[in-house]
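Enquirer: Got query-v2.tsv for you, TSV, C-alpha atoms:
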chain	number	residue	atom	x	y	z
A	1	MET	CA	155.61	160.09	-93.37
A	2	LEU	CA	153.38	157.23	-92.26
A	3	ASP	CA	153.81	155.54	-95.68
A	4	ILE	CA	157.54	155.50	-95.07
A	5	LEU	CA	157.01	154.02	-91.62
A	6	LYS	CA	154.75	151.32	-93.07
A	7	GLY	CA	157.55	150.33	-95.41
A	8	ARG	CA	159.88	150.09	-92.45
A	9	ARG	CA	157.31	148.01	-90.56
A	10	ALA	CA	157.29	145.11	-93.03
A	11	ASN	CA	161.03	144.73	-92.63
A	12	GLY	CA	163.13	145.19	-89.52
A	13	SER	CA	165.10	148.36	-88.92
A	14	ASN	CA	168.02	146.75	-90.81
A	15	GLY	CA	165.84	145.26	-93.55
A	16	GLU	CA	165.36	141.79	-92.05
A	17	LYS	CA	161.92	140.15	-92.05
A	18	VAL	CA	160.23	140.05	-88.68
A	19	GLY	CA	157.50	137.75	-87.48
A	20	LEU	CA	154.85	138.25	-84.85
A	21	GLY	CA	156.98	136.58	-82.25
A	22	SER	CA	159.81	139.07	-82.69
A	23	ILE	CA	157.84	142.33	-82.71
A	24	ARG	CA	159.48	144.89	-80.48
A	25	ARG	CA	159.09	148.51	-79.57
A	26	PRO	CA	161.02	150.81	-81.93
A	27	VAL	CA	164.02	152.73	-80.64
A	28	ILE	CA	162.72	156.20	-79.82
A	29	GLY	CA	164.96	159.23	-80.04
A	30	LEU	CA	164.33	162.69	-78.60
A	31	ALA	CA	166.06	165.74	-80.12
A	32	LEU	CA	165.76	168.85	-77.92
A	33	GLY	CA	166.57	172.20	-79.50
A	34	GLY	CA	168.20	175.33	-78.14
A	35	GLY	CA	166.47	178.48	-76.94
A	36	ALA	CA	167.86	179.54	-73.52
A	37	ALA	CA	165.03	180.15	-70.99
A	38	ARG	CA	162.46	178.89	-73.50
A	39	GLY	CA	164.05	175.49	-72.95
A	40	PHE	CA	162.01	175.03	-69.79
A	41	ALA	CA	159.24	174.02	-72.21
A	42	HIS	CA	161.28	170.86	-72.82
A	43	ILE	CA	160.49	169.78	-69.26
A	44	GLY	CA	156.77	169.80	-70.00
A	45	ILE	CA	157.37	167.90	-73.24
A	46	VAL	CA	159.42	165.17	-71.58
A	47	ARG	CA	156.96	164.84	-68.71
A	48	THR	CA	154.02	164.43	-71.10
A	49	LEU	CA	155.77	161.83	-73.23
A	50	LEU	CA	156.73	159.76	-70.19
A	51	ALA	CA	153.23	160.01	-68.73
A	52	ASN	CA	151.86	158.50	-71.94
A	53	GLY	CA	154.30	155.60	-72.10
A	54	ILE	CA	156.63	157.18	-74.69
A	55	VAL	CA	160.04	156.59	-73.15
A	56	PRO	CA	163.03	157.78	-75.20
A	57	ASP	CA	165.98	155.43	-75.62
A	58	VAL	CA	168.18	158.11	-77.19
A	59	VAL	CA	168.30	161.73	-76.00
A	60	VAL	CA	170.25	164.40	-77.85
A	61	GLY	CA	170.24	168.08	-76.99
A	62	THR	CA	171.64	171.40	-78.10
A	63	SER	CA	172.22	174.28	-75.67
A	64	ILE	CA	169.36	174.33	-73.11
A	65	GLY	CA	168.14	171.14	-74.79
A	66	ALA	CA	171.36	169.47	-73.65
A	67	VAL	CA	170.74	170.68	-70.10
A	68	VAL	CA	167.19	169.30	-69.96
A	69	GLY	CA	168.13	166.13	-71.85
A	70	GLY	CA	171.16	165.52	-69.65
A	71	ALA	CA	169.14	166.12	-66.48
A	72	TYR	CA	166.53	163.60	-67.65
A	73	ALA	CA	169.15	161.02	-68.60
A	74	ALA	CA	170.85	161.45	-65.22
A	75	GLY	CA	167.59	161.11	-63.30
A	76	GLN	CA	167.67	164.75	-62.18
A	77	LEU	CA	164.74	166.23	-64.11
A	78	ASP	CA	162.84	166.84	-60.86
A	79	THR	CA	165.78	168.81	-59.46
A	80	LEU	CA	166.05	170.94	-62.59
A	81	GLU	CA	162.31	171.62	-62.59
A	82	ASP	CA	162.29	172.57	-58.92
A	83	TRP	CA	165.19	174.95	-59.49
A	84	GLY	CA	163.48	176.53	-62.50
A	85	ARG	CA	160.23	177.06	-60.63
A	86	SER	CA	162.15	178.65	-57.74
A	87	LEU	CA	163.43	181.48	-59.95
A	88	GLN	CA	160.64	183.93	-59.22
A	89	GLY	CA	162.34	187.14	-60.29
A	90	VAL	CA	165.20	188.69	-62.25
A	91	ARG	CA	167.10	189.20	-58.99
A	92	ASN	CA	167.36	185.42	-58.54
A	93	ILE	CA	168.79	185.06	-62.03
A	94	LEU	CA	171.35	187.83	-61.55
A	95	GLY	CA	172.73	185.90	-58.60
A	96	TYR	CA	173.96	183.19	-60.98
A	97	LEU	CA	175.85	185.59	-63.25
A	98	ASP	CA	179.56	185.87	-62.53
A	99	ILE	CA	180.49	188.82	-64.74
A	100	ARG	CA	183.97	188.90	-66.28
A	101	LEU	CA	185.29	191.92	-68.15
A	102	ASN	CA	188.65	190.44	-69.12
A	103	GLY	CA	187.72	187.01	-70.46
A	104	SER	CA	186.27	185.54	-73.66
A	105	GLY	CA	182.68	185.91	-72.45
A	106	LEU	CA	180.72	188.31	-70.27
A	107	ILE	CA	179.74	185.49	-67.93
A	108	GLY	CA	182.23	182.98	-66.59
A	109	GLY	CA	179.52	180.40	-65.91
A	110	GLU	CA	181.07	178.98	-62.77
A	111	LYS	CA	178.02	179.69	-60.59
A	112	LEU	CA	175.68	177.92	-62.99
A	113	ALA	CA	178.12	175.04	-63.36
A	114	THR	CA	178.29	174.70	-59.58
A	115	ARG	CA	174.49	174.51	-59.44
A	116	LEU	CA	174.46	171.74	-62.05
A	117	GLN	CA	177.30	169.95	-60.31
A	118	GLU	CA	175.36	169.85	-57.06
A	119	SER	CA	172.65	167.73	-58.65
A	120	ILE	CA	174.49	165.73	-61.31
A	121	GLY	CA	177.92	165.51	-59.73
A	122	GLN	CA	180.66	163.59	-61.54
A	123	THR	CA	178.23	161.44	-63.55
A	124	LEU	CA	179.71	160.28	-66.86
A	125	ILE	CA	177.77	160.16	-70.11
A	126	GLU	CA	178.87	156.59	-70.71
A	127	ASP	CA	177.30	155.54	-67.39
A	128	LEU	CA	173.85	156.96	-68.15
A	129	PRO	CA	170.96	154.47	-68.57
A	130	VAL	CA	170.05	155.96	-71.98
A	131	LYS	CA	172.17	157.05	-74.92
A	132	PHE	CA	172.91	160.75	-74.60
A	133	ALA	CA	174.80	163.32	-76.63
A	134	ALA	CA	175.21	167.09	-76.31
A	135	VAL	CA	175.96	169.08	-79.45
A	136	ALA	CA	178.63	171.80	-79.37
A	137	THR	CA	180.66	173.81	-81.88
A	138	GLU	CA	184.45	174.00	-82.06
A	139	VAL	CA	185.52	177.64	-82.05
A	140	ARG	CA	188.42	177.61	-84.48
A	141	THR	CA	187.13	175.15	-87.07
A	142	GLY	CA	183.32	175.36	-86.89
A	143	HIS	CA	183.17	171.58	-86.51
A	144	GLU	CA	179.99	170.09	-85.09
A	145	ILE	CA	181.03	168.15	-82.00
A	146	TRP	CA	178.90	165.38	-80.47
A	147	LEU	CA	179.85	164.94	-76.83
A	148	THR	CA	179.14	161.29	-76.06
A	149	ARG	CA	181.61	160.60	-73.27
A	150	GLY	CA	183.01	162.39	-70.27
A	151	ARG	CA	181.28	164.34	-67.55
A	152	VAL	CA	177.65	165.24	-68.20
A	153	VAL	CA	178.08	168.69	-66.63
A	154	ASP	CA	181.01	169.51	-68.93
A	155	ALA	CA	178.99	168.48	-71.98
A	156	MET	CA	176.09	170.68	-70.85
A	157	ARG	CA	178.33	173.70	-70.31
A	158	ALA	CA	179.97	173.37	-73.70
A	159	SER	CA	176.62	173.01	-75.44
A	160	TYR	CA	175.09	176.15	-73.90
A	161	ALA	CA	178.21	178.38	-74.06
A	162	LEU	CA	176.60	181.15	-76.12
A	163	PRO	CA	179.45	183.08	-77.82
A	164	GLY	CA	180.06	186.46	-76.27
A	165	ILE	CA	177.93	185.62	-73.24
A	166	PHE	CA	179.55	182.51	-71.76
A	167	SER	CA	183.23	181.67	-71.98
A	168	PRO	CA	184.17	178.74	-74.25
A	169	ILE	CA	184.73	175.39	-72.55
A	170	LEU	CA	187.88	173.33	-73.10
A	171	ILE	CA	187.11	169.62	-73.49
A	172	GLY	CA	190.00	167.47	-74.60
A	173	ASP	CA	192.00	169.72	-76.91
A	174	ARG	CA	189.01	171.61	-78.33
A	175	TRP	CA	187.50	174.94	-77.28
A	176	LEU	CA	183.74	174.54	-77.57
A	177	VAL	CA	180.76	176.89	-77.67
A	178	ASP	CA	177.00	176.66	-78.21
A	179	GLY	CA	175.91	173.86	-80.53
A	180	ALA	CA	173.07	175.99	-81.94
A	181	LEU	CA	175.65	177.59	-84.24
A	182	VAL	CA	175.67	174.41	-86.33
A	183	ASN	CA	172.76	172.15	-85.32
A	184	PRO	CA	170.00	173.86	-83.31
A	185	VAL	CA	167.63	170.83	-83.33
A	186	PRO	CA	169.92	167.77	-83.52
A	187	VAL	CA	167.77	165.24	-85.39
A	188	SER	CA	170.79	163.89	-87.28
A	189	ALA	CA	172.62	163.06	-84.06
A	190	ALA	CA	169.62	161.16	-82.68
A	191	ARG	CA	169.41	159.04	-85.84
A	192	ALA	CA	173.15	158.38	-85.80
A	193	LEU	CA	172.85	157.07	-82.23
A	194	GLY	CA	170.32	154.46	-83.35
A	195	ALA	CA	166.92	156.13	-83.07
A	196	GLU	CA	164.32	154.62	-85.42
A	197	ILE	CA	161.68	157.22	-84.60
A	198	VAL	CA	162.89	160.74	-83.83
A	199	ILE	CA	160.68	163.17	-81.92
A	200	ALA	CA	162.10	166.68	-82.12
A	201	ALA	CA	161.25	169.83	-80.15
A	202	ASN	CA	161.85	173.16	-81.87
A	203	LEU	CA	161.63	176.26	-79.66
A	204	SER	CA	162.03	178.86	-82.43
A	205	SER	CA	159.15	178.00	-84.74
A	206	ASP	CA	157.12	181.12	-83.92
A	207	ILE	CA	159.86	183.67	-83.31
A	208	PHE	CA	159.93	184.83	-86.92
A	209	THR	CA	157.53	184.50	-89.82
A	210	TYR	CA	158.89	183.44	-93.18
A	211	SER	CA	161.93	185.49	-94.09
A	212	THR	CA	161.72	188.15	-96.73
A	213	THR	CA	163.94	190.61	-98.56
A	214	VAL	CA	163.48	194.38	-98.42
A	215	TYR	CA	164.66	195.31	-101.89
A	216	SER	CA	164.91	199.05	-101.41
A	217	HIS	CA	165.53	200.88	-98.18
A	218	GLY	CA	167.20	204.06	-97.04
A	219	ALA	CA	166.92	207.04	-94.76
A	220	ALA	CA	163.86	209.24	-94.96
A	221	PRO	CA	164.28	212.52	-96.89
A	222	GLY	CA	165.42	215.48	-94.83
A	223	PRO	CA	168.48	216.63	-92.94
A	224	ALA	CA	170.43	213.99	-91.10
A	225	VAL	CA	170.00	214.10	-87.36
A	226	PRO	CA	173.15	213.10	-85.47
A	227	VAL	CA	172.71	210.52	-82.76
A	228	ALA	CA	173.85	212.01	-79.51
A	229	GLU	CA	176.08	209.94	-77.31
A	230	GLU	CA	174.17	208.98	-74.21
A	231	THR	CA	175.56	210.29	-70.97
A	232	THR	CA	175.32	207.58	-68.37
A	233	ALA	CA	175.23	207.96	-64.63
A	234	LYS	CA	178.32	205.85	-64.42
A	235	ARG	CA	180.29	208.29	-66.57
A	236	ARG	CA	179.21	211.18	-64.34
A	237	PHE	CA	179.53	209.34	-61.02
A	238	PRO	CA	182.01	206.50	-61.57
A	239	ARG	CA	182.65	205.82	-57.91
A	240	PHE	CA	179.03	204.83	-57.25
A	241	PHE	CA	178.92	202.02	-59.78
A	242	SER	CA	180.96	198.86	-60.03
A	243	ALA	CA	181.82	197.46	-63.46
A	244	GLU	CA	179.79	194.33	-62.75
A	245	LYS	CA	176.65	196.27	-61.87
A	246	THR	CA	177.05	198.38	-64.97
A	247	VAL	CA	177.30	195.36	-67.25
A	248	LYS	CA	174.29	193.70	-65.63
A	249	ARG	CA	172.26	196.88	-65.94
A	250	GLU	CA	173.19	197.35	-69.59
A	251	PHE	CA	172.68	193.67	-70.34
A	252	PHE	CA	169.23	193.26	-68.85
A	253	GLY	CA	168.06	196.84	-68.88
A	254	GLY	CA	165.65	198.16	-71.48
A	255	GLY	CA	164.24	201.48	-72.45
A	256	GLY	CA	165.21	203.92	-75.12
A	257	SER	CA	164.98	203.54	-78.86
A	258	ARG	CA	168.47	202.19	-79.37
A	259	PRO	CA	168.77	198.40	-78.89
A	260	GLY	CA	170.80	197.36	-75.89
A	261	LEU	CA	173.68	194.90	-75.81
A	262	SER	CA	171.53	191.93	-74.86
A	263	SER	CA	168.81	192.59	-77.43
A	264	VAL	CA	171.31	192.99	-80.29
A	265	MET	CA	173.17	189.79	-79.44
A	266	VAL	CA	170.05	187.74	-78.79
A	267	ASP	CA	168.20	189.00	-81.87
A	268	ALA	CA	171.22	188.26	-84.04
A	269	PHE	CA	171.51	184.77	-82.59
A	270	ASN	CA	167.76	184.21	-83.01
A	271	ILE	CA	167.94	185.13	-86.69
A	272	MET	CA	170.89	182.84	-87.30
A	273	GLN	CA	169.36	179.95	-85.35
A	274	ASP	CA	166.03	180.31	-87.15
A	275	ARG	CA	167.67	180.13	-90.59
A	276	ILE	CA	169.89	177.20	-89.66
A	277	THR	CA	166.99	175.31	-88.06
A	278	ARG	CA	164.83	175.66	-91.17
A	279	ALA	CA	167.63	174.38	-93.36
A	280	ARG	CA	168.59	171.45	-91.13
A	281	LEU	CA	165.00	170.30	-90.56
A	282	ALA	CA	164.26	170.51	-94.28
A	283	GLY	CA	167.25	168.31	-95.07
A	284	ASP	CA	166.76	165.84	-92.21
A	285	PRO	CA	163.19	166.11	-90.89
A	286	PRO	CA	162.17	164.31	-87.70
A	287	ASP	CA	159.36	161.78	-87.70
A	288	MET	CA	157.40	164.03	-85.35
A	289	LEU	CA	158.00	167.71	-84.57
A	290	ILE	CA	156.74	169.38	-81.39
A	291	THR	CA	156.60	173.18	-81.58
A	292	PRO	CA	155.60	174.92	-78.34
A	293	ARG	CA	154.50	178.52	-78.87
A	294	VAL	CA	157.15	180.22	-76.77
A	295	GLY	CA	158.29	182.97	-79.12
A	296	GLN	CA	156.89	185.68	-76.83
A	297	PHE	CA	159.35	184.71	-74.10
A	298	GLY	CA	162.81	186.24	-73.93
A	299	TRP	CA	166.04	184.27	-73.71
A	300	PHE	CA	166.53	185.37	-70.12
A	301	ASP	CA	162.99	184.83	-68.85
A	302	PHE	CA	164.12	181.97	-66.63
A	303	HIS	CA	161.82	183.25	-63.90
A	304	ARG	CA	158.82	182.28	-66.07
A	305	ALA	CA	159.44	178.54	-65.84
A	306	ASP	CA	155.87	177.77	-64.76
A	307	ASP	CA	154.40	179.24	-67.95
A	308	LEU	CA	157.02	177.69	-70.20
A	309	ILE	CA	156.62	174.20	-68.75
A	310	ALA	CA	152.85	174.48	-69.20
A	311	LEU	CA	153.26	175.49	-72.86
A	312	GLY	CA	155.57	172.54	-73.45
A	313	THR	CA	153.01	170.23	-71.90
A	314	ARG	CA	150.22	171.51	-74.16
A	315	ALA	CA	152.38	171.24	-77.28
A	316	ALA	CA	153.28	167.63	-76.48
A	317	GLU	CA	149.65	166.76	-75.77
A	318	ARG	CA	148.67	168.07	-79.21
A	319	ALA	CA	151.25	165.76	-80.82
A	320	LEU	CA	150.45	162.62	-78.82
A	321	ASP	CA	148.03	161.02	-81.30
A	322	SER	CA	150.47	161.41	-84.18
A	323	ILE	CA	153.36	160.06	-82.15
A	324	GLN	CA	151.40	157.03	-80.95
A	325	GLU	CA	150.21	156.34	-84.49
A	326	ALA	CA	153.77	156.42	-85.83
A	327	ILE	CA	154.96	154.04	-83.12
A	328	HIS	CA	152.08	151.62	-83.73
A	329	VAL	CA	152.67	151.64	-87.49
A	330	LEU	CA	156.35	150.85	-87.09
A	331	ALA	CA	155.82	148.19	-84.43
A	332	PRO	CA	152.16	147.04	-84.50
A	333	PRO	CA	150.76	144.73	-81.83
A	334	PRO	CA	150.35	141.02	-82.70
A	335	GLU	CA	147.23	140.01	-84.59
A	336	GLY	CA	144.26	139.49	-82.29
A	337	ALA	CA	145.62	141.86	-79.65
A	338	ALA	CA	143.38	144.72	-78.62
A	339	PRO	CA	144.57	148.02	-80.03
A	340	LYS	CA	146.07	150.49	-77.61
A	341	ALA	CA	143.84	153.41	-76.78
A	342	THR	CA	145.11	156.90	-77.30
A	343	GLU	CA	143.79	159.90	-75.48
Using structure tokens, write down the structure that the file contains.
Expert:
Amino acid sequence: MLDILKGRRANGSNGEKVGLGSIRRPVIGLALGGGAARGFAHIGIVRTLLANGIVPDVVVGTSIGAVVGGAYAAGQLDTLEDWGRSLQGVRNILGYLDIRLNGSGLIGGEKLATRLQESIGQTLIEDLPVKFAAVATEVRTGHEIWLTRGRVVDAMRASYALPGIFSPILIGDRWLVDGALVNPVPVSAARALGAEIVIAANLSSDIFTYSTTVYSHGAAPGPAVPVAEETTAKRRFPRFFSAEKTVKREFFGGGGSRPGLSSVMVDAFNIMQDRITRARLAGDPPDMLITPRVGQFGWFDFHRADDLIALGTRAAERALDSIQEAIHVLAPPPEGAAPKATE
């Protein structure tokens, strides 16, 4: 990768020769991947990059990556971090879930949107001080949609609208859902917006090992044992349970050998996102890839923001030397200048 960068150093980003007097800092892009609660690790990554003088000019995000990236671009990263650290239990998270049993998603998302609106307001993407895009997916066509204008909050909501969980968002004449369906770590979007060096953050690198195929599988020998239908308390005492409480209990509850609704949906989405991420990164790799080890965290572990932010910080610190080297190779200091120290 550094050999490629050296070739780009001798000529400008568009192929023109550059002299010492015209040396400039390369355009840095940041591509933040999806991963629900694991996305709090992005906060630690962004903080570490900024603390070491690596300031992104282009920020592109998918799903929770769009939320963190949009908050940073809008100058509200502190607010998002404070909110995340305040979620100290599952009860706090449940308060943001407006359950709907007659819509196109289990969660309407209005409570979360209101929380985002309180900090970001009516800010437009085109008014942000850095280039920003949120990646979403059009429901009917499967088109990859780059949201580069309009309200930041709307772009965030569309990008994290996980199918089946959150209702799709109508922007313009398109119904949009989670961008992780098509581009979980949007390196291509960052390059298209002018980034010369792309730093990407992948939150699913340690969720699965390399995929394999089980060539022969079937039931164990012996008589088939029918699976009994579970009798729930709600079925026996319907008047004591509201529909919303039942859905929340089934969605976040565990126990038993049979996977629950949340685990089936999340595991299925994890598998799909992992396969798509591998394919997309192989075809369009970033210049530097940051991979925080957050696979042990669940998608709804928002109350563990402290741990996730710390893991993002450590992952970014491990990548600092390589990132600084790539930047220096592409845009070296003038001859005779003292080299920049890296920690």
Enquirer: Find the residues of region 258-314 of chain A that sit at most 10 Å from region 178-190 of chain A; for each, write down the nearest two atoms and how far apart they are in Å, to one decimal. Count all atoms listed in the file. Sort by chain, then by number going up, and give it as CSV.
Expert:
residue,atom,partner,partner_atom,distance
A:Phe269,CA,A:Leu181,CA,8.5
A:Asn270,CA,A:Ala180,CA,9.8
A:Met272,CA,A:Leu181,CA,7.7
A:Gln273,CA,A:Ala180,CA,6.4
A:Asp274,CA,A:Pro184,CA,8.5
A:Arg275,CA,A:Pro184,CA,9.9
A:Ile276,CA,A:Pro184,CA,7.2
A:Thr277,CA,A:Pro184,CA,5.8
A:Arg278,CA,A:Pro184,CA,9.6
A:Ala279,CA,A:Asn183,CA,9.8
A:Arg280,CA,A:Asn183,CA,7.2
A:Leu281,CA,A:Val185,CA,7.7
A:Gly283,CA,A:Ser188,CA,9.6
A:Asp284,CA,A:Ser188,CA,6.7
A:Pro285,CA,A:Val187,CA,7.2
A:Pro286,CA,A:Val187,CA,6.1
A:Asp287,CA,A:Val187,CA,9.4
Enquirer: Which residue is closest to His303 (chain A)? Choose from A:Leu30, A:Ala36, A:Leu320, A:Val55 and count all atoms listed in the file.
Expert: A:Ala36
Enquirer: Take CA of Ser322 (chain A) and CA of Leu193 (chain A) and report the distance between them in Å, one decimal.
Expert: 22.9 Å
Enquirer: Find the residues around region 57-60 of chain A up to 6 Å (only C-alpha atoms counted), leave out those fewer than 3 positions away in its own chain, and share them as a PyMOL selection string.
Expert: chain A and resi 28-31+130-134+190
Enquirer: Can you tell me how far CA of Asn202 (chain A) sits from CA of Ile290 (chain A), in Å to one decimal?
Expert: 6.4 Å
Enquirer: Taking only C-alpha atoms into account, name the residue in A:Ser205, A:Gly34, A:Val135, A:Arg318 that is nearest to Ile64 (chain A).
Expert: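 Closest to Ile64 (chain A), using only C-alpha atoms: A:Gly34.
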Enquirer: Considering only C-alpha atoms, state which residue in the set A:Leu330, A:Ile199, A:Ala219, A:Leu308 is at the smallest distance from Gly295 (chain A).
Expert: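 For Gly295 (chain A), the nearest of the given residues is A:Leu308.
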Enquirer: Report the distance between CA of Gly172 (chain A) and CA of Ala66 (chain A) in Å, rounded to one decimal place.
Expert: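 About the pair CA of Gly172 (chain A) and CA of Ala66 (chain A): they are 18.8 Å apart.
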Enquirer: Write out as an mmCIF file with C-alpha atoms, in the coordinates of the input which residues come within 6 Å of region 136-151 of chain A when counting only C-alpha atoms, dropping same-chain ones fewer than 2 positions away.
Expert:
data_model
loop_
_atom_site.group_PDB
_atom_site.id
_atom_site.type_symbol
_atom_site.label_atom_id
_atom_site.label_comp_id
_atom_site.auth_asym_id
_atom_site.auth_seq_id
_atom_site.Cartn_x
_atom_site.Cartn_y
_atom_site.Cartn_z
ATOM 1 C CA THR A 123 178.230 161.440 -63.550
ATOM 2 C CA LEU A 124 179.710 160.280 -66.860
ATOM 3 C CA ILE A 125 177.770 160.160 -70.110
ATOM 4 C CA GLU A 126 178.870 156.590 -70.710
ATOM 5 C CA ALA A 133 174.800 163.320 -76.630
ATOM 6 C CA ALA A 134 175.210 167.090 -76.310
ATOM 7 C CA VAL A 153 178.080 168.690 -66.630
ATOM 8 C CA ASP A 154 181.010 169.510 -68.930
ATOM 9 C CA SER A 159 176.620 173.010 -75.440
ATOM 10 C CA TRP A 175 187.500 174.940 -77.280
ATOM 11 C CA LEU A 176 183.740 174.540 -77.570
ATOM 12 C CA VAL A 177 180.760 176.890 -77.670
ATOM 13 C CA ASP A 178 177.000 176.660 -78.210
ATOM 14 C CA GLY A 179 175.910 173.860 -80.530
#
Enquirer: So, with only C-alpha atoms as the atoms that count, which of A:Ala316, A:Leu170, A:Gly33, A:Asp206 lies closest to Arg293 (chain A)?
Expert: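 The closest residue to Arg293 (chain A) is A:Asp206.
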Enquirer: If you count only C-alpha atoms, which residues fall within 12 Å of Ala319 (chain A), apart from same-chain ones fewer than 3 positions away, as an mmCIF file with C-alpha atoms, in the coordinates of the input?
Expert:
data_model
loop_
_atom_site.group_PDB
_atom_site.id
_atom_site.type_symbol
_atom_site.label_atom_id
_atom_site.label_comp_id
_atom_site.auth_asym_id
_atom_site.auth_seq_id
_atom_site.Cartn_x
_atom_site.Cartn_y
_atom_site.Cartn_z
ATOM 1 C CA ILE A 45 157.370 167.900 -73.240
ATOM 2 C CA THR A 48 154.020 164.430 -71.100
ATOM 3 C CA LEU A 49 155.770 161.830 -73.230
ATOM 4 C CA ASN A 52 151.860 158.500 -71.940
ATOM 5 C CA ILE A 54 156.630 157.180 -74.690
ATOM 6 C CA ILE A 199 160.680 163.170 -81.920
ATOM 7 C CA ALA A 200 162.100 166.680 -82.120
ATOM 8 C CA ALA A 201 161.250 169.830 -80.150
ATOM 9 C CA ASP A 287 159.360 161.780 -87.700
ATOM 10 C CA MET A 288 157.400 164.030 -85.350
ATOM 11 C CA LEU A 289 158.000 167.710 -84.570
ATOM 12 C CA ILE A 290 156.740 169.380 -81.390
ATOM 13 C CA THR A 291 156.600 173.180 -81.580
ATOM 14 C CA PRO A 292 155.600 174.920 -78.340
ATOM 15 C CA GLY A 312 155.570 172.540 -73.450
ATOM 16 C CA THR A 313 153.010 170.230 -71.900
ATOM 17 C CA ARG A 314 150.220 171.510 -74.160
ATOM 18 C CA ALA A 315 152.380 171.240 -77.280
ATOM 19 C CA ALA A 316 153.280 167.630 -76.480
ATOM 20 C CA SER A 322 150.470 161.410 -84.180
ATOM 21 C CA ILE A 323 153.360 160.060 -82.150
ATOM 22 C CA GLN A 324 151.400 157.030 -80.950
ATOM 23 C CA GLU A 325 150.210 156.340 -84.490
ATOM 24 C CA ALA A 326 153.770 156.420 -85.830
ATOM 25 C CA THR A 342 145.110 156.900 -77.300
ATOM 26 C CA GLU A 343 143.790 159.900 -75.480
#
Enquirer: Can you give me N, CA and C atoms for region 139-150 of chain A, written as a tab-separated table (two decimals), in the frame of the given file?
Expert:
chain	number	residue	atom	x	y	z
A	139	VAL	N	185.35	176.23	-81.74
A	139	VAL	CA	185.52	177.64	-82.05
A	139	VAL	C	186.34	177.86	-83.31
A	140	ARG	N	187.49	177.27	-83.41
A	140	ARG	CA	188.42	177.61	-84.48
A	140	ARG	C	188.07	176.98	-85.82
A	141	THR	N	187.38	175.87	-85.82
A	141	THR	CA	187.13	175.15	-87.07
A	141	THR	C	185.67	175.18	-87.50
A	142	GLY	N	184.74	175.44	-86.56
A	142	GLY	CA	183.32	175.36	-86.89
A	142	GLY	C	182.80	173.94	-86.94
A	143	HIS	N	183.60	172.97	-86.49
A	143	HIS	CA	183.17	171.58	-86.51
A	143	HIS	C	182.00	171.36	-85.55
A	144	GLU	N	181.07	170.52	-85.96
A	144	GLU	CA	179.99	170.09	-85.09
A	144	GLU	C	180.50	168.94	-84.23
A	145	ILE	N	180.46	169.12	-82.93
A	145	ILE	CA	181.03	168.15	-82.00
A	145	ILE	C	179.90	167.48	-81.23
A	146	TRP	N	179.86	166.14	-81.26
A	146	TRP	CA	178.90	165.38	-80.47
A	146	TRP	C	179.61	164.85	-79.23
A	147	LEU	N	179.23	165.36	-78.08
A	147	LEU	CA	179.85	164.94	-76.83
A	147	LEU	C	179.12	163.71	-76.31
A	148	THR	N	179.75	162.56	-76.42
A	148	THR	CA	179.14	161.29	-76.06
A	148	THR	C	179.90	160.56	-74.96
A	149	ARG	N	180.89	161.18	-74.40
A	149	ARG	CA	181.61	160.60	-73.27
A	149	ARG	C	182.19	161.72	-72.42
A	150	GLY	N	182.53	161.38	-71.20
A	150	GLY	CA	183.01	162.39	-70.27
A	150	GLY	C	181.91	162.85	-69.33
